[in-house]
Each structure stands twice: as C-alpha cells, then as structure tokens.
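Peer 1: I have a structure here, written as structure tokens, and I will follow up with some questions on it.
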Amino acid sequence: MLRVRCLRGGSRGAEAAHYIGSRLGRVFTGWVQRSFQSTRAATASQNTCAADDNKAASPVPKDCLVCSYNEWDPLEEVIVGRAENACVPPFSVEVKANTYEKYWGFYQKFGGQSFPKDHLKKAINEIEEMCNILKREGVIVKRPDPIDWSVKYKTPDFESTGMYAAMPRDILLVVGNEIIEAPMAWRARFFEYRAYRRIIKEYFNCGAKWTTAPKPTMADELYDQDYPIHSVEDRHKLAAQGKFVTTEFEPCFDAADFIRAGRDIFVQRSQVTNYMGIEWMTRHLAPDYRVHVISFKDPNPMHIDATFNIIGPGLVLSNPDRPCHQIDLFKKAGWTVIRPPVPLIPDDHPLWMSSKWLSMNVLMLDEKRVMVDTNETSIQKMFENLGISTIKVNIRHANSLGGGFHCWTCDIRRRGTLQSYFD
C-alpha cells in the first residue's frame, strides 16, 4: 500500500489566508484559518484516515451508466466536447489574467465573435476523427448539444457572450456514480452547462447522482479588478504570494483543477478555483473521499492536468517547468514521478488559451493504452519505454482552443472499483 501524508494547509494555505484577510477583513480571515486548520488536523489524523479507508462508499447501482474513480481504469464511456460555434470570450479581467500578453490583442479584437473559421473547421474535423478512434477502441462516445455561443446574455451582475462546450473536463467531475457540475469562474462560461443537460438527465434517469455546485453571481467582487499583470515575472510573484484574480467573495471552481486517485482527490488553488470552492468540495465529498491541496511553481495556474497528470496507480506525469512543491511526499510514498519531455509544438502555432504542455494532457484508455498527439513523438517514446502503447491522434488545431485529450473529454464510466492508493 502506498503511503502519503495528507497535504492540506501548510505555508501556502497560510499565505492565502493572510491575503484573503487583507482583502476582506479580519472576520473572514479567522474563518479561513480555522477552516484550514481544522481540515488539516482532521486529515492528518491517522485514526481518521484509517476510518475513512475502512468505510465503504455507497455501492453504485448495477444498472448505473456512471462509475469512475480514477484516471486510468479501463475506459468504457466518455463525453467528448464540441468545437462547433466556439466564440472568443470577451476580454474581461479574469480572461486577461488567464491568457498571455501576446494574445491580448486577439481577445480585444475578436471577443464575442467566432474563432477563425478555417481554424475552427479543422479543429472540428480533428475531434470527429478522435471520436471515431475512441469508438474503434471500444469506447462509447457521447457529445454535448450544439449551441449558439454568440448570443449575448445579461444577469443582474454582468453581461457577456458565451464561449463553447469544447472542454467537458472543465465543467464536469465524475466521482463514483456522481456527476458534479462545476460553477466555473469565467463569465463567458456561466451558461456552459446547458450544452450538457440532456446527457446528464439521461444518466440521472439511469441511476446516477447529479449535483450542481453553488452557482456564483460572478459579481465584480469575485474578481480583483486591479489585478496587476504585465509580465510573466509579475505572474510568478503573484502566484508565489498566493494572489489570484479570483477572490474569496463566493465559491468558484473549474472541475479541471481536480484530479482523481480513488479515495484521494488532488486540487490546486488557481486563477479559476478559490479556497471557498475547494472547501465546498471537501465537505461535499467527505467522508468517503479526501481532498488535498497541492501547489506548483506556476505563473498562471489554471487547470491541473497539463501540470500534474496522474496516469496510473503510483504513476504521475509532473511538468518540469512547473514543479510541484509537495512532490517529495509523493516520492516518499513510493510513487514514480515522470518528467515528460519538452513539447514539440512549434512556436508559431496559435495557443490562445493554453501552453505547449498540452503534450502531457493525455487520456488513459487503461493502464497500458494512452491517447497522445500524433505530432508529439518524444512523449510517445516516453510512454513506449514505460510499456504503454500509444494511440496517436492529431488534434493540433483543437489544441488552440485550450485543451488536449484530457480536457476534451470527461470519462463517464471506467471499469474498476473504489480503492485507496494512499493511507
């Protein structure tokens, strides 16, 4: 049995509590500190952890189509996103904080309009081929509904246009037989859940649990309107101080900031996931699951799976450009930590909402099969040296919309059982 101590809290939690207090007052600081201290103390208790391990989670109904506990059990059913009608989000403060300066002009010019038509057409064709390959590998594929994302909408707190339903991993998290809809943090993604409602209702009618996290108002108070980003250096300093564009005004999180390993789920505080969102998930999933906060040397944290991608029991890809501050805990637990090779994507290829490290954003079909980009020959060789066969698919144009294979999918059913890989 692998062993690792529970990771919540620590210096990063203290930094965040100090920052939150300076923004929102001493009363809220006390709440954050008490919450983090109590959670850390509870998870650090050996007796508590042992009790959790011995407690059986509610069994999944036999006829339930939804059942997934980790990132590597044999994949049987998956949702794959759509690039159709994808629109550039308006250039609001949270979008600026999550994109690189060289693309700011692109957002200012095209916000609320379609992504370049020719590029979008190629992305659509790539994802269709990806779906065909998944089906040939024996996986059932479901797709969200096409929606006109250019329609402007207005709430009492803001107005925006939509974005897309390309990345189901961003908005849906499957834990056992439960589908959790993330509240999201970008205003352009407020109504993104609508594209998935038909599918989720079908799963619900077949016995799945269906939970929607508290929907944020996305009022101005959720964002630091004066968030000072002008360079990568600025981003590094702010991230190191635990400062992010999202505040602790209300819970928010993207599902893609969580990654699963049986009873243990790891999450990062990022530009789109705040500590209130993490605390909501921690309480919601207790006592059957333990949520651990980990952090990285990352100037622009947003979604964990191109930074830290768990690909098997005791096996993790760790981005060498964004080292994990808690990586020694994994090593001491007997985990194999693999540093993937430098991505091969050319500098002139547009990556409007992502980094080149989508090369490690892979989808495991099981412990011995992985879906990887056709162009990334270096990481293909790395997997082959690990004894994992590669299923090669070209999604280079789809990458431009902000995701790799893991992002473009949400695994609904994997053939496996709930296990503890940490104690």
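Simple scheme: letters A, B, ... for chains in structure tokens order, numbers from 1 for residues in each chain, numbers from 1 for ligands in the order shown.
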Quick one: everything within 9 Å of region 312-323 of chain A, counting only C-alpha atoms, minus sequence neighbours fewer than 4 positions away in the same chain. Send it as a PDB file with N, CA, C and O atoms, in the first residue's frame.

Peer 2:
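Generated output (part24.pdb):
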```
ATOM      1  N   LEU A   2       0.630   2.137  -0.892  1.00  0.00           N
ATOM      2  CA  LEU A   2       1.367   3.392  -0.928  1.00  0.00           C
ATOM      3  C   LEU A   2       0.966   4.254   0.249  1.00  0.00           C
ATOM      4  O   LEU A   2      -0.172   4.249   0.688  1.00  0.00           O
ATOM      5  N   ASN A  70     -11.009   7.017 -10.989  1.00  0.00           N
ATOM      6  CA  ASN A  70      -9.639   7.475 -11.199  1.00  0.00           C
ATOM      7  C   ASN A  70      -9.419   7.792 -12.675  1.00  0.00           C
ATOM      8  O   ASN A  70     -10.377   7.827 -13.450  1.00  0.00           O
ATOM      9  N   GLU A  71      -8.167   8.013 -13.056  1.00  0.00           N
ATOM     10  CA  GLU A  71      -7.849   8.458 -14.410  1.00  0.00           C
ATOM     11  C   GLU A  71      -7.325   7.339 -15.317  1.00  0.00           C
ATOM     12  O   GLU A  71      -6.929   7.614 -16.443  1.00  0.00           O
ATOM     13  N   TRP A  72      -7.338   6.086 -14.845  1.00  0.00           N
ATOM     14  CA  TRP A  72      -6.647   5.052 -15.603  1.00  0.00           C
ATOM     15  C   TRP A  72      -7.372   3.711 -15.727  1.00  0.00           C
ATOM     16  O   TRP A  72      -6.974   2.873 -16.534  1.00  0.00           O
ATOM     17  N   ASP A  73      -8.420   3.450 -14.956  1.00  0.00           N
ATOM     18  CA  ASP A  73      -9.151   2.193 -15.125  1.00  0.00           C
ATOM     19  C   ASP A  73      -9.686   2.098 -16.563  1.00  0.00           C
ATOM     20  O   ASP A  73      -9.842   3.110 -17.238  1.00  0.00           O
ATOM     21  N   ALA A 261      -7.555  10.036  -7.708  1.00  0.00           N
ATOM     22  CA  ALA A 261      -6.820   8.789  -7.472  1.00  0.00           C
ATOM     23  C   ALA A 261      -7.572   8.000  -6.409  1.00  0.00           C
ATOM     24  O   ALA A 261      -7.152   7.914  -5.256  1.00  0.00           O
ATOM     25  N   SER A 295       0.348  22.492  -4.759  1.00  0.00           N
ATOM     26  CA  SER A 295       0.664  23.742  -5.444  1.00  0.00           C
ATOM     27  C   SER A 295       1.915  23.569  -6.291  1.00  0.00           C
ATOM     28  O   SER A 295       2.700  22.627  -6.107  1.00  0.00           O
ATOM     29  N   PHE A 296       2.115  24.515  -7.189  1.00  0.00           N
ATOM     30  CA  PHE A 296       3.172  24.410  -8.178  1.00  0.00           C
ATOM     31  C   PHE A 296       3.851  25.762  -8.387  1.00  0.00           C
ATOM     32  O   PHE A 296       3.266  26.811  -8.094  1.00  0.00           O
ATOM     33  N   LYS A 297       5.057  25.715  -8.914  1.00  0.00           N
ATOM     34  CA  LYS A 297       5.730  26.947  -9.329  1.00  0.00           C
ATOM     35  C   LYS A 297       5.205  27.286 -10.717  1.00  0.00           C
ATOM     36  O   LYS A 297       5.805  26.969 -11.740  1.00  0.00           O
ATOM     37  N   ASP A 298       4.059  27.936 -10.730  1.00  0.00           N
ATOM     38  CA  ASP A 298       3.330  28.167 -11.971  1.00  0.00           C
ATOM     39  C   ASP A 298       2.903  29.627 -12.015  1.00  0.00           C
ATOM     40  O   ASP A 298       2.169  30.089 -11.141  1.00  0.00           O
ATOM     41  N   PRO A 299       3.320  30.376 -13.039  1.00  0.00           N
ATOM     42  CA  PRO A 299       2.955  31.785 -13.110  1.00  0.00           C
ATOM     43  C   PRO A 299       1.497  32.017 -13.478  1.00  0.00           C
ATOM     44  O   PRO A 299       0.994  33.130 -13.328  1.00  0.00           O
ATOM     45  N   ALA A 306      -2.317  19.731 -17.220  1.00  0.00           N
ATOM     46  CA  ALA A 306      -1.128  19.923 -18.054  1.00  0.00           C
ATOM     47  C   ALA A 306       0.063  20.266 -17.172  1.00  0.00           C
ATOM     48  O   ALA A 306       1.121  20.661 -17.670  1.00  0.00           O
ATOM     49  N   THR A 307      -0.128  20.081 -15.863  1.00  0.00           N
ATOM     50  CA  THR A 307       0.922  20.327 -14.877  1.00  0.00           C
ATOM     51  C   THR A 307       1.200  19.083 -14.056  1.00  0.00           C
ATOM     52  O   THR A 307       2.352  18.751 -13.774  1.00  0.00           O
ATOM     53  N   PHE A 308       0.150  18.359 -13.719  1.00  0.00           N
ATOM     54  CA  PHE A 308       0.257  17.188 -12.850  1.00  0.00           C
ATOM     55  C   PHE A 308      -0.821  16.216 -13.287  1.00  0.00           C
ATOM     56  O   PHE A 308      -2.000  16.408 -12.979  1.00  0.00           O
ATOM     57  N   ILE A 327       6.158  17.494  -4.088  1.00  0.00           N
ATOM     58  CA  ILE A 327       6.500  16.284  -4.838  1.00  0.00           C
ATOM     59  C   ILE A 327       7.244  15.259  -3.984  1.00  0.00           C
ATOM     60  O   ILE A 327       7.117  14.046  -4.203  1.00  0.00           O
ATOM     61  N   PHE A 330       5.110  12.572  -2.536  1.00  0.00           N
ATOM     62  CA  PHE A 330       4.746  11.500  -3.457  1.00  0.00           C
ATOM     63  C   PHE A 330       5.902  10.508  -3.611  1.00  0.00           C
ATOM     64  O   PHE A 330       5.708   9.296  -3.636  1.00  0.00           O
ATOM     65  N   ALA A 333       6.225   8.289  -0.755  1.00  0.00           N
ATOM     66  CA  ALA A 333       5.132   7.312  -0.724  1.00  0.00           C
ATOM     67  C   ALA A 333       5.348   6.166  -1.704  1.00  0.00           C
ATOM     68  O   ALA A 333       4.538   5.253  -1.768  1.00  0.00           O
ATOM     69  N   GLY A 334       6.435   6.243  -2.474  1.00  0.00           N
ATOM     70  CA  GLY A 334       6.724   5.175  -3.425  1.00  0.00           C
ATOM     71  C   GLY A 334       6.199   5.417  -4.815  1.00  0.00           C
ATOM     72  O   GLY A 334       6.229   4.522  -5.664  1.00  0.00           O
ATOM     73  N   TRP A 335       5.701   6.637  -5.075  1.00  0.00           N
ATOM     74  CA  TRP A 335       5.211   6.967  -6.400  1.00  0.00           C
ATOM     75  C   TRP A 335       6.370   7.126  -7.378  1.00  0.00           C
ATOM     76  O   TRP A 335       7.453   7.582  -7.021  1.00  0.00           O
ATOM     77  N   THR A 336       6.121   6.781  -8.619  1.00  0.00           N
ATOM     78  CA  THR A 336       7.064   7.060  -9.697  1.00  0.00           C
ATOM     79  C   THR A 336       6.670   8.384 -10.328  1.00  0.00           C
ATOM     80  O   THR A 336       5.548   8.533 -10.824  1.00  0.00           O
ATOM     81  N   VAL A 337       7.568   9.347 -10.272  1.00  0.00           N
ATOM     82  CA  VAL A 337       7.317  10.679 -10.802  1.00  0.00           C
ATOM     83  C   VAL A 337       8.098  10.828 -12.113  1.00  0.00           C
ATOM     84  O   VAL A 337       9.318  10.699 -12.133  1.00  0.00           O
ATOM     85  N   ILE A 338       7.367  11.077 -13.185  1.00  0.00           N
ATOM     86  CA  ILE A 338       7.970  11.140 -14.516  1.00  0.00           C
ATOM     87  C   ILE A 338       7.929  12.570 -15.032  1.00  0.00           C
ATOM     88  O   ILE A 338       6.881  13.224 -14.993  1.00  0.00           O
ATOM     89  N   ARG A 339       9.065  13.052 -15.494  1.00  0.00           N
ATOM     90  CA  ARG A 339       9.144  14.374 -16.101  1.00  0.00           C
ATOM     91  C   ARG A 339       9.012  14.204 -17.615  1.00  0.00           C
ATOM     92  O   ARG A 339       9.928  13.690 -18.267  1.00  0.00           O
ATOM     93  N   PRO A 340       7.894  14.602 -18.185  1.00  0.00           N
ATOM     94  CA  PRO A 340       7.702  14.423 -19.622  1.00  0.00           C
ATOM     95  C   PRO A 340       8.666  15.295 -20.423  1.00  0.00           C
ATOM     96  O   PRO A 340       9.144  16.328 -19.936  1.00  0.00           O
ATOM     97  N   PRO A 341       8.970  14.889 -21.657  1.00  0.00           N
ATOM     98  CA  PRO A 341       9.914  15.657 -22.478  1.00  0.00           C
ATOM     99  C   PRO A 341       9.324  16.987 -22.925  1.00  0.00           C
ATOM    100  O   PRO A 341       8.112  17.204 -22.891  1.00  0.00           O
ATOM    101  N   VAL A 342      10.196  17.870 -23.379  1.00  0.00           N
ATOM    102  CA  VAL A 342       9.781  19.187 -23.861  1.00  0.00           C
ATOM    103  C   VAL A 342       8.845  19.014 -25.052  1.00  0.00           C
ATOM    104  O   VAL A 342       9.110  18.217 -25.961  1.00  0.00           O
ATOM    105  N   TRP A 357       2.427  22.664 -23.128  1.00  0.00           N
ATOM    106  CA  TRP A 357       2.438  21.455 -22.319  1.00  0.00           C
ATOM    107  C   TRP A 357       1.150  20.643 -22.416  1.00  0.00           C
ATOM    108  O   TRP A 357       0.953  19.674 -21.674  1.00  0.00           O
ATOM    109  N   MET A 360       1.355  16.733 -22.528  1.00  0.00           N
ATOM    110  CA  MET A 360       1.197  15.778 -21.425  1.00  0.00           C
ATOM    111  C   MET A 360      -0.254  15.674 -20.965  1.00  0.00           C
ATOM    112  O   MET A 360      -0.569  14.929 -20.042  1.00  0.00           O
ATOM    113  N   MET A 364      -5.828   8.387 -20.668  1.00  0.00           N
ATOM    114  CA  MET A 364      -5.547   6.966 -20.496  1.00  0.00           C
ATOM    115  C   MET A 364      -6.809   6.165 -20.825  1.00  0.00           C
ATOM    116  O   MET A 364      -7.873   6.410 -20.264  1.00  0.00           O
ATOM    117  N   ASP A 366      -6.630   2.808 -20.567  1.00  0.00           N
ATOM    118  CA  ASP A 366      -6.440   1.894 -19.445  1.00  0.00           C
ATOM    119  C   ASP A 366      -4.978   2.040 -19.039  1.00  0.00           C
ATOM    120  O   ASP A 366      -4.282   2.931 -19.554  1.00  0.00           O
ATOM    121  N   GLU A 367      -4.498   1.200 -18.143  1.00  0.00           N
ATOM    122  CA  GLU A 367      -3.126   1.358 -17.661  1.00  0.00           C
ATOM    123  C   GLU A 367      -2.083   1.145 -18.756  1.00  0.00           C
ATOM    124  O   GLU A 367      -0.946   1.592 -18.620  1.00  0.00           O
ATOM    125  N   TYR A 421      -5.315   4.501  -2.661  1.00  0.00           N
ATOM    126  CA  TYR A 421      -3.936   4.398  -3.107  1.00  0.00           C
ATOM    127  C   TYR A 421      -2.997   5.156  -2.166  1.00  0.00           C
ATOM    128  O   TYR A 421      -1.795   5.206  -2.387  1.00  0.00           O
TER     129      TYR A 421
END
```

Peer 1: Write out as a JSON list (two decimals) with N, CA, C and O atoms, in the first residue's frame the residues lying within 10 Å of Glu76 (chain A), counting only C-alpha atoms and excluding same-chain residues fewer than 4 positions away.

Peer 2:
```json
[["chain", "number", "residue", "atom", "x", "y", "z"],
["A", 65, "LEU", "N", -25.05, 3.91, -15.45],
["A", 65, "LEU", "CA", -24.07, 4.08, -16.52],
["A", 65, "LEU", "C", -22.87, 4.90, -16.08],
["A", 65, "LEU", "O", -21.88, 4.97, -16.81],
["A", 66, "VAL", "N", -22.95, 5.52, -14.92],
["A", 66, "VAL", "CA", -21.89, 6.41, -14.45],
["A", 66, "VAL", "C", -21.11, 5.73, -13.33],
["A", 66, "VAL", "O", -21.68, 5.36, -12.30],
["A", 67, "CYS", "N", -19.81, 5.57, -13.52],
["A", 67, "CYS", "CA", -18.96, 4.99, -12.48],
["A", 67, "CYS", "C", -17.50, 5.19, -12.87],
["A", 67, "CYS", "O", -17.00, 4.53, -13.78],
["A", 68, "SER", "N", -16.84, 6.11, -12.20],
["A", 68, "SER", "CA", -15.43, 6.37, -12.49],
["A", 68, "SER", "C", -14.76, 6.90, -11.23],
["A", 68, "SER", "O", -15.24, 7.87, -10.64],
["A", 134, "LEU", "N", -11.84, 6.58, -30.79],
["A", 134, "LEU", "CA", -12.30, 6.08, -29.49],
["A", 134, "LEU", "C", -13.34, 4.96, -29.67],
["A", 134, "LEU", "O", -13.29, 3.94, -28.97],
["A", 135, "LYS", "N", -14.24, 5.14, -30.61],
["A", 135, "LYS", "CA", -15.24, 4.10, -30.87],
["A", 135, "LYS", "C", -14.58, 2.82, -31.35],
["A", 135, "LYS", "O", -14.98, 1.71, -30.95],
["A", 137, "GLU", "N", -11.79, 1.80, -30.52],
["A", 137, "GLU", "CA", -11.13, 1.21, -29.35],
["A", 137, "GLU", "C", -12.14, 0.63, -28.35],
["A", 137, "GLU", "O", -11.77, 0.20, -27.26],
["A", 138, "GLY", "N", -13.43, 0.66, -28.72],
["A", 138, "GLY", "CA", -14.45, 0.06, -27.90],
["A", 138, "GLY", "C", -15.08, 0.98, -26.87],
["A", 138, "GLY", "O", -15.77, 0.51, -25.95],
["A", 139, "VAL", "N", -14.89, 2.29, -27.03],
["A", 139, "VAL", "CA", -15.41, 3.26, -26.06],
["A", 139, "VAL", "C", -16.70, 3.88, -26.61],
["A", 139, "VAL", "O", -16.76, 4.28, -27.78],
["A", 140, "ILE", "N", -17.74, 3.96, -25.78],
["A", 140, "ILE", "CA", -18.98, 4.65, -26.14],
["A", 140, "ILE", "C", -18.74, 6.15, -26.01],
["A", 140, "ILE", "O", -18.21, 6.62, -25.00],
["A", 141, "VAL", "N", -19.12, 6.91, -27.04],
["A", 141, "VAL", "CA", -18.87, 8.35, -27.07],
["A", 141, "VAL", "C", -20.19, 9.11, -27.06],
["A", 141, "VAL", "O", -21.08, 8.83, -27.87],
["A", 365, "LEU", "N", -6.69, 5.21, -21.76],
["A", 365, "LEU", "CA", -7.80, 4.30, -22.04],
["A", 365, "LEU", "C", -7.79, 3.13, -21.07],
["A", 365, "LEU", "O", -8.82, 2.52, -20.81],
["A", 366, "ASP", "N", -6.63, 2.81, -20.57],
["A", 366, "ASP", "CA", -6.44, 1.89, -19.45],
["A", 366, "ASP", "C", -4.98, 2.04, -19.04],
["A", 366, "ASP", "O", -4.28, 2.93, -19.55],
["A", 411, "ASP", "N", -14.50, 11.32, -18.64],
["A", 411, "ASP", "CA", -14.80, 9.89, -18.59],
["A", 411, "ASP", "C", -15.99, 9.64, -17.67],
["A", 411, "ASP", "O", -16.01, 10.03, -16.51],
["A", 412, "ILE", "N", -16.99, 9.00, -18.23],
["A", 412, "ILE", "CA", -18.24, 8.72, -17.53],
["A", 412, "ILE", "C", -18.20, 7.35, -16.84],
["A", 412, "ILE", "O", -18.67, 7.19, -15.73],
["A", 413, "ARG", "N", -17.61, 6.39, -17.50],
["A", 413, "ARG", "CA", -17.55, 5.05, -16.91],
["A", 413, "ARG", "C", -16.20, 4.42, -17.19],
["A", 413, "ARG", "O", -15.74, 4.35, -18.33],
["A", 414, "ARG", "N", -15.57, 4.00, -16.11],
["A", 414, "ARG", "CA", -14.35, 3.20, -16.19],
["A", 414, "ARG", "C", -14.58, 1.91, -15.40],
["A", 414, "ARG", "O", -15.21, 1.94, -14.34],
["A", 415, "ARG", "N", -14.10, 0.82, -15.91],
["A", 415, "ARG", "CA", -14.33, -0.48, -15.29],
["A", 415, "ARG", "C", -13.34, -0.66, -14.13],
["A", 415, "ARG", "O", -12.17, -0.99, -14.32]]
```

Peer 1: Please determine, counting only C-alpha atoms, which residue among A:Ala398, A:Leu344, A:Leu363, A:Cys410 has the shortest atom-to-atom distance to Val174 (chain A).

Peer 2: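 Counting only C-alpha atoms, the residue closest to Val174 (chain A) is A:Cys410.
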
Peer 1: Running DSSP on the backbone, which parts of region 108-213 of chain A land in strand (DSSP E), as a list of chain:residue names?

Peer 2: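 In region 108-213 of chain A, DSSP puts these residues in strand (DSSP E): A:Ile140, A:Val141, A:Lys142, A:Lys152, A:Tyr153, A:Lys154, A:Glu159, A:Ser160, A:Thr161, A:Leu172, A:Leu173, A:Val174, A:Val175, A:Glu178, A:Ile179, A:Ile180, A:Glu181, A:Lys209, A:Trp210, A:Thr211, A:Thr212.
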
Peer 1: Extract, using only C-alpha atoms, all DNA, RNA and protein residues at most 10 Å from Arg396 (chain A), discarding same-chain residues fewer than 5 positions from it, and format them as a PyMOL selection string.

Peer 2: chain A and resi 122-123+126+345+349-351+358-359+373-376+401+403-404

Peer 1: Just want the 12 Å neighbourhood of Met218 (chain A), counted on only C-alpha atoms, with same-chain residues fewer than 2 positions away dropped. Output as a ChimeraX atom specification.

Peer 2: /A:92-94,154-160,183-191,214-216,220-224,246-253,272

Peer 1: Mind checking which residues fall within 7 Å of His303 (chain A), counting only C-alpha atoms, ignoring those fewer than 2 positions away in the same chain, and posting them as a ChimeraX atom specification?

Peer 2: /A:256-257,301,305

Peer 1: Those same residues, written as a short mmCIF file (atom, residue, chain, number, x, y, z; two decimals), in the first residue's frame with C-alpha atoms?

Peer 2:
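In the end it all went to again-v5.cif:
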```cif
data_model
loop_
_atom_site.label_atom_id
_atom_site.label_comp_id
_atom_site.auth_asym_id
_atom_site.auth_seq_id
_atom_site.Cartn_x
_atom_site.Cartn_y
_atom_site.Cartn_z
CA ALA A 256 -10.28 20.56 -14.34
CA ASP A 257 -8.40 21.79 -11.27
CA PRO A 301 -2.24 28.26 -12.63
CA ASP A 305 -3.88 18.31 -15.95
#
```

Peer 1: Give the alpha helix (DSSP H) residues of region 166-363 of chain A, as assigned by DSSP on the backbone, as a count of residues only.

Peer 2: 39

Peer 1: Taking 2 positions as the minimum chain separation for residues in the same chain, which residues sit within 8 Å of Tyr107 (chain A) when counting only C-alpha atoms? Answer as a list in words.

Peer 2: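 After dropping sequence-adjacent residues, the list is Val88, Pro89, Pro90, Phe91, Tyr103, Trp104, Gly105, Lys109, Phe110 and Gly111 of chain A.
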
Peer 1: Please dump the current selection as a short mmCIF file (atom, residue, chain, number, x, y, z; two decimals), in the first residue's frame; keep all heavy atoms.

Peer 2:
```
data_model
loop_
_atom_site.label_atom_id
_atom_site.label_comp_id
_atom_site.auth_asym_id
_atom_site.auth_seq_id
_atom_site.Cartn_x
_atom_site.Cartn_y
_atom_site.Cartn_z
N VAL A 88 -14.78 33.48 -29.18
CA VAL A 88 -13.74 34.10 -28.37
C VAL A 88 -14.41 34.81 -27.19
O VAL A 88 -15.34 35.59 -27.40
CB VAL A 88 -12.93 35.11 -29.19
CG1 VAL A 88 -11.84 35.76 -28.34
CG2 VAL A 88 -12.33 34.43 -30.43
N PRO A 89 -14.00 34.54 -25.95
CA PRO A 89 -14.64 35.22 -24.82
C PRO A 89 -14.29 36.71 -24.80
O PRO A 89 -13.21 37.10 -25.23
CB PRO A 89 -14.05 34.50 -23.61
CG PRO A 89 -12.75 33.95 -24.08
CD PRO A 89 -12.95 33.60 -25.52
N PRO A 90 -15.20 37.54 -24.30
CA PRO A 90 -14.87 38.96 -24.14
C PRO A 90 -13.65 39.13 -23.25
O PRO A 90 -13.40 38.32 -22.34
CB PRO A 90 -16.14 39.54 -23.49
CG PRO A 90 -17.23 38.59 -23.88
CD PRO A 90 -16.59 37.24 -23.92
N PHE A 91 -12.92 40.21 -23.49
CA PHE A 91 -11.64 40.43 -22.80
C PHE A 91 -11.87 41.06 -21.42
O PHE A 91 -11.56 42.22 -21.18
CB PHE A 91 -10.72 41.30 -23.66
CG PHE A 91 -9.30 41.33 -23.19
CD1 PHE A 91 -8.57 40.16 -23.04
CD2 PHE A 91 -8.67 42.53 -22.91
CE1 PHE A 91 -7.25 40.19 -22.62
CE2 PHE A 91 -7.35 42.59 -22.50
CZ PHE A 91 -6.63 41.41 -22.35
N TYR A 103 -1.46 37.45 -26.84
CA TYR A 103 -2.79 37.19 -27.40
C TYR A 103 -3.84 38.21 -26.96
O TYR A 103 -5.00 38.11 -27.36
CB TYR A 103 -3.27 35.79 -27.02
CG TYR A 103 -2.44 34.68 -27.63
CD1 TYR A 103 -1.78 33.76 -26.84
CD2 TYR A 103 -2.31 34.58 -29.02
CE1 TYR A 103 -1.01 32.74 -27.41
CE2 TYR A 103 -1.54 33.57 -29.59
CZ TYR A 103 -0.90 32.66 -28.77
OH TYR A 103 -0.14 31.67 -29.33
N TRP A 104 -3.46 39.19 -26.16
CA TRP A 104 -4.45 40.15 -25.67
C TRP A 104 -5.11 40.92 -26.80
O TRP A 104 -6.31 41.20 -26.76
CB TRP A 104 -3.81 41.11 -24.67
CG TRP A 104 -3.51 40.44 -23.34
CD1 TRP A 104 -3.89 39.20 -22.95
CD2 TRP A 104 -2.78 41.00 -22.26
NE1 TRP A 104 -3.43 38.92 -21.67
CE2 TRP A 104 -2.75 40.01 -21.22
CE3 TRP A 104 -2.13 42.21 -22.04
CZ2 TRP A 104 -2.11 40.23 -20.00
CZ3 TRP A 104 -1.49 42.43 -20.82
CH2 TRP A 104 -1.48 41.45 -19.82
N GLY A 105 -4.33 41.28 -27.82
CA GLY A 105 -4.91 41.97 -28.98
C GLY A 105 -5.95 41.12 -29.69
O GLY A 105 -6.96 41.64 -30.17
N LYS A 109 -9.85 42.25 -30.12
CA LYS A 109 -10.42 42.40 -31.46
C LYS A 109 -11.59 41.47 -31.71
O LYS A 109 -12.60 41.87 -32.31
CB LYS A 109 -9.33 42.15 -32.51
CG LYS A 109 -9.81 42.34 -33.94
CD LYS A 109 -8.66 42.15 -34.92
CE LYS A 109 -9.14 42.34 -36.37
NZ LYS A 109 -8.01 42.16 -37.35
N PHE A 110 -11.50 40.23 -31.23
CA PHE A 110 -12.49 39.21 -31.61
C PHE A 110 -13.41 38.77 -30.46
O PHE A 110 -14.24 37.88 -30.67
CB PHE A 110 -11.78 37.98 -32.18
CG PHE A 110 -11.04 38.24 -33.46
CD1 PHE A 110 -9.65 38.27 -33.47
CD2 PHE A 110 -11.72 38.49 -34.63
CE1 PHE A 110 -8.96 38.52 -34.64
CE2 PHE A 110 -11.04 38.74 -35.82
CZ PHE A 110 -9.65 38.76 -35.82
N GLY A 111 -13.27 39.36 -29.28
CA GLY A 111 -14.12 38.96 -28.16
C GLY A 111 -15.60 39.02 -28.52
O GLY A 111 -16.08 40.03 -29.03
#
```

Peer 1: Counting only C-alpha atoms, which of A:Val95, A:Cys131, A:Pro116, A:Ile200 gets nearest to Ile395 (chain A)?

Peer 2: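 Going through A:Val95, A:Cys131, A:Pro116, A:Ile200 one by one, the smallest distance to Ile395 (chain A) is for A:Cys131.
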
Peer 1: Using only C-alpha atoms, which of the listed residues (A:Ile127, A:Asp234, A:Arg198, A:Ile147) sits closest to Glu101 (chain A)?

Peer 2: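 Once distances to Glu101 (chain A) are computed over only C-alpha atoms, the minimum belongs to A:Asp234.
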
Peer 1: In Å to one decimal, how far is CA of Tyr289 (chain A) from CA of Gly277 (chain A)?

Peer 2: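 These atoms are spaced 15.8 Å apart.
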
Peer 1: Would you pick out the contacts of Lys201 (chain A) at 12 Å or less, using only C-alpha atoms, so that residues sharing its chain but fewer than 4 positions from it are not included, and give the list as a list in words?

Peer 2: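 Counting only the stated atoms, we get Leu65, Val66, Ile179, Tyr193, Arg194, Ala195, Tyr196, Arg197, Asn205, Cys206, Gly207, Ala208, Lys209, Trp210 and Thr211 of chain A.
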
Peer 1: Write the selection just made, keeping N, CA and C atoms, as a tab-separated table (two decimals), in the first residue's frame?

Peer 2:
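Here's the written file result_28.tsv:
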```
chain	number	residue	atom	x	y	z
A	65	LEU	N	-25.05	3.91	-15.45
A	65	LEU	CA	-24.07	4.08	-16.52
A	65	LEU	C	-22.87	4.90	-16.08
A	66	VAL	N	-22.95	5.52	-14.92
A	66	VAL	CA	-21.89	6.41	-14.45
A	66	VAL	C	-21.11	5.73	-13.33
A	179	ILE	N	-22.15	12.84	-10.88
A	179	ILE	CA	-21.68	13.86	-11.80
A	179	ILE	C	-21.83	15.20	-11.09
A	193	TYR	N	-23.13	24.94	-18.93
A	193	TYR	CA	-23.77	23.69	-18.50
A	193	TYR	C	-24.95	23.31	-19.39
A	194	ARG	N	-25.56	24.28	-20.05
A	194	ARG	CA	-26.76	24.00	-20.84
A	194	ARG	C	-26.49	22.97	-21.96
A	195	ALA	N	-25.28	22.97	-22.48
A	195	ALA	CA	-24.95	22.03	-23.56
A	195	ALA	C	-24.93	20.58	-23.09
A	196	TYR	N	-24.79	20.37	-21.77
A	196	TYR	CA	-24.64	19.01	-21.24
A	196	TYR	C	-25.89	18.50	-20.54
A	197	ARG	N	-26.90	19.35	-20.38
A	197	ARG	CA	-28.04	18.97	-19.57
A	197	ARG	C	-28.80	17.75	-20.12
A	205	ASN	N	-31.48	9.58	-15.05
A	205	ASN	CA	-32.61	8.66	-15.18
A	205	ASN	C	-32.17	7.20	-15.12
A	206	CYS	N	-30.88	6.96	-15.31
A	206	CYS	CA	-30.34	5.60	-15.20
A	206	CYS	C	-29.70	5.34	-13.85
A	207	GLY	N	-29.89	6.26	-12.90
A	207	GLY	CA	-29.44	6.00	-11.54
A	207	GLY	C	-28.27	6.81	-11.04
A	208	ALA	N	-27.69	7.67	-11.87
A	208	ALA	CA	-26.54	8.46	-11.43
A	208	ALA	C	-26.97	9.55	-10.46
A	209	LYS	N	-26.07	9.92	-9.57
A	209	LYS	CA	-26.27	11.10	-8.76
A	209	LYS	C	-25.91	12.34	-9.59
A	210	TRP	N	-26.56	13.44	-9.31
A	210	TRP	CA	-26.35	14.66	-10.11
A	210	TRP	C	-26.33	15.84	-9.14
A	211	THR	N	-25.18	16.49	-9.07
A	211	THR	CA	-25.01	17.60	-8.15
A	211	THR	C	-24.53	18.83	-8.91
```
